[in-house]
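These notes concern the structure reproduced below.
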Amino acid sequence: MSKGQAGTETPTKRKREEASASVPLLDGDVGEENPMKKAAPRYLLFFEYNGANFAGVQRQATARTVQGCIEKAFEKFTGQSVPINLSSRTDAGVHSLSNTAHVDLWRTSKRKPGEVLPPHPPEVIHKAVNHFLTKELSAQDVALTEVRRVPTDVHARHSATGRTYYYRIQAGAAAPSIFERGLVWHVPTPLNINLMQAACKHLIGHHDFSSFRAAGCQANSPLRTLDVLSVTPCPVWPPFPPEAGGAAGGAAGASAGDNQFPP
């Protein structure tokens, strides 16, 4: 190699290469090499939903689902089809306080198709997807609650260590409040809480739950482990103080529209 050829490596280029080599890259980050050779950045999504108007969580071709709404919001955000991977599925009418899914997402330039940009910060994805859910899709019954950047070997389903289910029952002749309809199971007769608590003890542990399986259950095994199972009495609606006796009570009463009248 001649001196002239050796001189084509400019100081500017050497400086750029040294700078990029000194900063370690996470999976999916953009470096000097083609980033598409690396795994796409992975994000763990936490979301809540009211299942009353959904045909379940899992995507369906002809029905409204939670997965379908979230994926449509991602498509509006990124301009491309973005499938999400669910941790678990719930049926029609079932609600969730915190379900999870993961998504692999490249950030590409809209002005220069094919150009890969540094990954989206999780808070940007959180805000943008919720925006498209509510403003563009008019989905007021599903929302992301948190987004985390995670390593590419984290899987929403296979990395989960457990699930918690809550079943709410209102026992007694009084009908549930209109604010509780669809959120509580109404049993018009009293329940024997002590007997139910005693029965729970027989189900805790590792058991064969074949008799609880639906006809189309796709689980590989009916064997499951219940770590905790309990029946706990709790107040019925409304969850506000009955009297606005102090500052806190007054604020709650006002927010609940609790108008006071003389006896």
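Chain lettering (A, B, ...) mirrors the order of the structure tokens, residue numbering begins at 1 for each chain separately, and ligand numbering begins at 1 in order of display.
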
Problem set entry | Backbone-only DSSP, strand (DSSP E) members of segment 17-234 of chain A, as a PyMOL selection string | chain A and resi 42-49+85-86+96-104+107-108+116-117+142-150+169-171+185-187+205-208+223-226

For this session: Figure out the distance between atom CA of Pro119 of chain A and atom CA of Ser96 of chain A, please, to one decimal in Å.
Result: 28.6 Å

For this session: Do a neighbour search on Ser221 of chain A at 10 Å with only C-alpha atoms, toss out local chain neighbours closer than 2 positions, and write the hits as a list in words.
Result: Asp208, Phe209, Ser210, Cys217, Gln218, Ala219, Leu223 and Arg224 of chain A

Could you please take those selected residues and save N, CA, C and O atoms as a short mmCIF file (atom, residue, chain, number, x, y, z; two decimals), in the first residue's frame?
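Written output follows (out31.cif):
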```cif
data_model
loop_
_atom_site.label_atom_id
_atom_site.label_comp_id
_atom_site.auth_asym_id
_atom_site.auth_seq_id
_atom_site.Cartn_x
_atom_site.Cartn_y
_atom_site.Cartn_z
N ASP A 208 -54.23 -31.82 39.28
CA ASP A 208 -54.76 -32.01 37.93
C ASP A 208 -56.12 -31.32 37.86
O ASP A 208 -57.07 -31.72 38.54
N PHE A 209 -56.21 -30.26 37.04
CA PHE A 209 -57.44 -29.48 36.94
C PHE A 209 -58.20 -29.79 35.64
O PHE A 209 -58.81 -28.91 35.05
N SER A 210 -58.20 -31.07 35.23
CA SER A 210 -58.88 -31.46 33.99
C SER A 210 -60.36 -31.11 34.01
O SER A 210 -60.93 -30.71 32.99
N CYS A 217 -59.62 -26.12 25.21
CA CYS A 217 -58.40 -25.70 25.89
C CYS A 217 -57.16 -26.17 25.14
O CYS A 217 -57.07 -27.34 24.73
N GLN A 218 -56.21 -25.27 24.94
CA GLN A 218 -55.01 -25.58 24.17
C GLN A 218 -53.78 -25.81 25.04
O GLN A 218 -52.68 -25.98 24.53
N ALA A 219 -53.96 -25.80 26.36
CA ALA A 219 -52.82 -26.01 27.25
C ALA A 219 -52.27 -27.43 27.08
O ALA A 219 -53.03 -28.39 26.86
N LEU A 223 -52.09 -29.97 34.57
CA LEU A 223 -51.44 -29.84 35.88
C LEU A 223 -51.09 -28.37 36.14
O LEU A 223 -50.43 -27.72 35.33
N ARG A 224 -51.51 -27.89 37.27
CA ARG A 224 -51.25 -26.50 37.65
C ARG A 224 -50.94 -26.42 39.15
O ARG A 224 -51.34 -27.29 39.93
#
```

Exercise. What lies within 12 Å of segment 199-202 of chain A using only C-alpha atoms, ignoring chain neighbours under 6 positions off, as a VMD selection string?
Worked result: chain A and resid 192 to 193 226 to 232

Saved selection, atoms kept: N, CA and C atoms, as an mmCIF file, in the first residue's frame:
```
data_model
loop_
_atom_site.group_PDB
_atom_site.id
_atom_site.type_symbol
_atom_site.label_atom_id
_atom_site.label_comp_id
_atom_site.auth_asym_id
_atom_site.auth_seq_id
_atom_site.Cartn_x
_atom_site.Cartn_y
_atom_site.Cartn_z
ATOM 1 N N ASN A 192 -71.530 -18.704 52.613
ATOM 2 C CA ASN A 192 -70.877 -19.188 53.821
ATOM 3 C C ASN A 192 -69.372 -19.007 53.631
ATOM 4 N N ILE A 193 -68.869 -17.867 54.075
ATOM 5 C CA ILE A 193 -67.458 -17.529 53.858
ATOM 6 C C ILE A 193 -66.535 -18.527 54.540
ATOM 7 N N LEU A 226 -51.382 -23.973 42.452
ATOM 8 C CA LEU A 226 -52.004 -22.813 43.091
ATOM 9 C C LEU A 226 -51.210 -22.488 44.354
ATOM 10 N N ASP A 227 -50.591 -21.317 44.374
ATOM 11 C CA ASP A 227 -49.824 -20.909 45.547
ATOM 12 C C ASP A 227 -50.713 -20.272 46.606
ATOM 13 N N VAL A 228 -51.699 -19.510 46.164
ATOM 14 C CA VAL A 228 -52.600 -18.807 47.083
ATOM 15 C C VAL A 228 -54.019 -18.912 46.559
ATOM 16 N N LEU A 229 -54.963 -19.231 47.422
ATOM 17 C CA LEU A 229 -56.379 -19.237 47.075
ATOM 18 C C LEU A 229 -57.154 -18.867 48.330
ATOM 19 N N SER A 230 -57.867 -17.768 48.276
ATOM 20 C CA SER A 230 -58.553 -17.293 49.475
ATOM 21 C C SER A 230 -59.846 -16.595 49.104
ATOM 22 N N VAL A 231 -60.751 -16.548 50.063
ATOM 23 C CA VAL A 231 -62.013 -15.813 49.949
ATOM 24 C C VAL A 231 -62.009 -14.756 51.042
ATOM 25 N N THR A 232 -62.103 -13.500 50.631
ATOM 26 C CA THR A 232 -61.973 -12.397 51.582
ATOM 27 C C THR A 232 -63.169 -11.450 51.471
#
```

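The residue that comes closest to Glu146 of chain A, out of A:Ser109, A:Arg181, A:Glu48, A:Ala39 and on the basis of only C-alpha atoms, is A:Glu48.
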
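DSSP secondary structure from the backbone places A:Pro35, A:Met36, A:Lys37, A:Gly51, A:Ala52, A:Asn53, A:Val66, A:Gln67, A:Gly68, A:Cys69, A:Ile70, A:Glu71, A:Lys72, A:Ala73, A:Phe74, A:Glu75, A:Lys76, A:Phe77, A:Thr78 of segment 29-90 of chain A in helix (DSSP H, G or I).
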
Using only all heavy atoms, please write the residues we just selected to a file, as a tab-separated table (two decimals), in the first residue's frame.
```
chain	number	residue	atom	x	y	z
A	35	PRO	N	-27.56	-2.47	11.35
A	35	PRO	CA	-28.28	-2.83	12.57
A	35	PRO	C	-29.27	-3.95	12.37
A	35	PRO	O	-29.66	-4.62	13.33
A	35	PRO	CB	-28.98	-1.52	12.97
A	35	PRO	CG	-29.10	-0.76	11.69
A	35	PRO	CD	-27.88	-1.11	10.91
A	36	MET	N	-29.73	-4.18	11.12
A	36	MET	CA	-30.70	-5.23	10.88
A	36	MET	C	-30.11	-6.62	11.12
A	36	MET	O	-30.83	-7.61	11.18
A	36	MET	CB	-31.23	-5.14	9.44
A	36	MET	CG	-32.10	-3.92	9.19
A	36	MET	SD	-33.62	-3.96	10.17
A	36	MET	CE	-34.49	-2.54	9.52
A	37	LYS	N	-28.76	-6.71	11.24
A	37	LYS	CA	-28.13	-7.98	11.55
A	37	LYS	C	-28.31	-8.33	13.02
A	37	LYS	O	-28.12	-9.47	13.42
A	37	LYS	CB	-26.63	-7.93	11.21
A	37	LYS	CG	-26.35	-7.80	9.71
A	37	LYS	CD	-24.86	-7.79	9.45
A	37	LYS	CE	-24.54	-7.68	7.96
A	37	LYS	NZ	-23.09	-7.65	7.70
A	51	GLY	N	-63.08	-5.62	29.59
A	51	GLY	CA	-63.37	-6.59	28.55
A	51	GLY	C	-64.80	-6.65	28.06
A	51	GLY	O	-65.12	-7.50	27.23
A	52	ALA	N	-65.67	-5.75	28.54
A	52	ALA	CA	-67.10	-5.84	28.22
A	52	ALA	C	-67.36	-5.80	26.72
A	52	ALA	O	-68.24	-6.50	26.21
A	52	ALA	CB	-67.87	-4.72	28.92
A	53	ASN	N	-66.62	-4.98	25.99
A	53	ASN	CA	-66.87	-4.81	24.55
A	53	ASN	C	-65.80	-5.46	23.68
A	53	ASN	O	-65.61	-5.08	22.53
A	53	ASN	CB	-66.98	-3.32	24.22
A	53	ASN	CG	-68.18	-2.68	24.88
A	53	ASN	OD1	-69.27	-3.25	24.90
A	53	ASN	ND2	-67.98	-1.49	25.45
A	66	VAL	N	-58.54	-7.03	22.23
A	66	VAL	CA	-57.53	-6.16	22.86
A	66	VAL	C	-56.25	-6.15	22.03
A	66	VAL	O	-55.69	-5.09	21.73
A	66	VAL	CB	-57.24	-6.64	24.30
A	66	VAL	CG1	-56.11	-5.82	24.91
A	66	VAL	CG2	-58.49	-6.53	25.16
A	67	GLN	N	-55.77	-7.32	21.65
A	67	GLN	CA	-54.55	-7.41	20.84
A	67	GLN	C	-54.72	-6.65	19.53
A	67	GLN	O	-53.82	-5.93	19.09
A	67	GLN	CB	-54.20	-8.87	20.57
A	67	GLN	CG	-52.90	-9.04	19.77
A	67	GLN	CD	-52.56	-10.51	19.53
A	67	GLN	OE1	-53.39	-11.39	19.73
A	67	GLN	NE2	-51.34	-10.76	19.10
A	68	GLY	N	-55.87	-6.79	18.90
A	68	GLY	CA	-56.11	-6.11	17.64
A	68	GLY	C	-56.04	-4.60	17.77
A	68	GLY	O	-55.45	-3.92	16.92
A	69	CYS	N	-56.62	-4.05	18.84
A	69	CYS	CA	-56.60	-2.60	19.06
A	69	CYS	C	-55.18	-2.09	19.29
A	69	CYS	O	-54.76	-1.07	18.74
A	69	CYS	CB	-57.50	-2.23	20.24
A	69	CYS	SG	-59.26	-2.21	19.85
A	70	ILE	N	-54.42	-2.80	20.13
A	70	ILE	CA	-53.05	-2.37	20.43
A	70	ILE	C	-52.18	-2.44	19.17
A	70	ILE	O	-51.39	-1.53	18.90
A	70	ILE	CB	-52.45	-3.21	21.57
A	70	ILE	CG1	-53.22	-2.96	22.87
A	70	ILE	CG2	-50.97	-2.90	21.76
A	70	ILE	CD1	-52.75	-3.80	24.04
A	71	GLU	N	-52.34	-3.49	18.39
A	71	GLU	CA	-51.54	-3.62	17.16
A	71	GLU	C	-51.90	-2.53	16.15
A	71	GLU	O	-51.03	-2.01	15.44
A	71	GLU	CB	-51.73	-5.01	16.57
A	71	GLU	CG	-51.04	-6.09	17.39
A	71	GLU	CD	-51.21	-7.49	16.83
A	71	GLU	OE1	-52.13	-7.67	16.00
A	71	GLU	OE2	-50.44	-8.39	17.20
A	72	LYS	N	-53.18	-2.16	16.06
A	72	LYS	CA	-53.58	-1.09	15.15
A	72	LYS	C	-52.98	0.24	15.61
A	72	LYS	O	-52.57	1.07	14.78
A	72	LYS	CB	-55.10	-0.99	15.09
A	72	LYS	CG	-55.76	-2.11	14.32
A	72	LYS	CD	-57.28	-1.98	14.32
A	72	LYS	CE	-57.94	-3.13	13.58
A	72	LYS	NZ	-59.42	-3.04	13.65
A	73	ALA	N	-52.92	0.47	16.93
A	73	ALA	CA	-52.31	1.70	17.45
A	73	ALA	C	-50.82	1.74	17.13
A	73	ALA	O	-50.28	2.79	16.76
A	73	ALA	CB	-52.55	1.80	18.96
A	74	PHE	N	-50.13	0.59	17.25
A	74	PHE	CA	-48.71	0.53	16.89
A	74	PHE	C	-48.52	0.80	15.40
A	74	PHE	O	-47.57	1.47	15.00
A	74	PHE	CB	-48.14	-0.85	17.25
A	74	PHE	CG	-47.45	-0.90	18.59
A	74	PHE	CD1	-48.09	-1.45	19.69
A	74	PHE	CD2	-46.17	-0.39	18.75
A	74	PHE	CE1	-47.47	-1.49	20.92
A	74	PHE	CE2	-45.54	-0.43	19.98
A	74	PHE	CZ	-46.20	-0.99	21.07
A	75	GLU	N	-49.43	0.28	14.58
A	75	GLU	CA	-49.31	0.49	13.14
A	75	GLU	C	-49.46	1.97	12.78
A	75	GLU	O	-48.75	2.50	11.93
A	75	GLU	CB	-50.35	-0.33	12.40
A	75	GLU	CG	-50.23	-0.27	10.89
A	75	GLU	CD	-51.16	-1.22	10.17
A	75	GLU	OE1	-51.87	-1.99	10.86
A	75	GLU	OE2	-51.19	-1.19	8.92
A	76	LYS	N	-50.39	2.65	13.46
A	76	LYS	CA	-50.56	4.08	13.21
A	76	LYS	C	-49.35	4.87	13.71
A	76	LYS	O	-48.97	5.89	13.13
A	76	LYS	CB	-51.84	4.57	13.89
A	76	LYS	CG	-53.12	4.10	13.20
A	76	LYS	CD	-54.34	4.68	13.86
A	76	LYS	CE	-55.60	4.31	13.07
A	76	LYS	NZ	-55.64	4.96	11.75
A	77	PHE	N	-48.73	4.40	14.76
A	77	PHE	CA	-47.56	5.06	15.33
A	77	PHE	C	-46.33	4.88	14.45
A	77	PHE	O	-45.57	5.82	14.20
A	77	PHE	CB	-47.31	4.50	16.74
A	77	PHE	CG	-46.00	4.88	17.36
A	77	PHE	CD1	-45.50	6.18	17.29
A	77	PHE	CD2	-45.24	3.93	18.04
A	77	PHE	CE1	-44.27	6.52	17.87
A	77	PHE	CE2	-44.04	4.25	18.62
A	77	PHE	CZ	-43.55	5.55	18.52
A	78	THR	N	-46.11	3.66	13.94
A	78	THR	CA	-44.88	3.34	13.22
A	78	THR	C	-45.03	3.34	11.71
A	78	THR	O	-44.03	3.41	10.99
A	78	THR	CB	-44.36	1.96	13.65
A	78	THR	OG1	-45.31	0.96	13.26
A	78	THR	CG2	-44.14	1.91	15.16
```

Problem set entry | Computed interatomic separation between atom CA of Pro83 of chain A and atom CA of Asp141 of chain A (Å) | 20.0 Å

Problem set entry | Residues near Gly56 of chain A, cut-off 7 Å, only C-alpha atoms, skip fewer than 5 positions along chain, as a PyMOL selection string | chain A and resi 51+65-66+90-93

For this session: Go ahead and compute the interatomic distance for atom CA of Thr161 of chain A and atom CA of Leu86 of chain A, in Å to one decimal.
Result: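 Answer for the atom CA of Thr161 of chain A to atom CA of Leu86 of chain A separation: 14.4 Å.
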
Problem set entry | Near-Pro113 of chain A list (12 Å; only C-alpha atoms; drop same-chain fewer than 4 positions) as a list in words |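 Near neighbours after the sequence-gap exclusion: Gly79, Gln80, Arg107, Thr108, Ser109 and Leu117 of chain A.
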
Kindly save the residues from that selection, with C-alpha atoms included, as a tab-separated table (two decimals), in the first residue's frame.
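Written output follows (selection27.tsv):
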```
chain	number	residue	atom	x	y	z
A	79	GLY	CA	-46.47	3.12	9.79
A	80	GLN	CA	-45.84	-0.63	9.65
A	107	ARG	CA	-37.30	2.63	14.71
A	108	THR	CA	-36.98	3.63	11.06
A	109	SER	CA	-36.88	7.01	9.34
A	117	LEU	CA	-32.61	5.18	13.89
```

Exercise. What lies within 6 Å of segment 162-175 of chain A using only C-alpha atoms, ignoring chain neighbours under 2 positions off, as JSON, numbers by chain?
Worked result: {"A": [160, 184, 185, 186, 187, 188, 189, 190]}
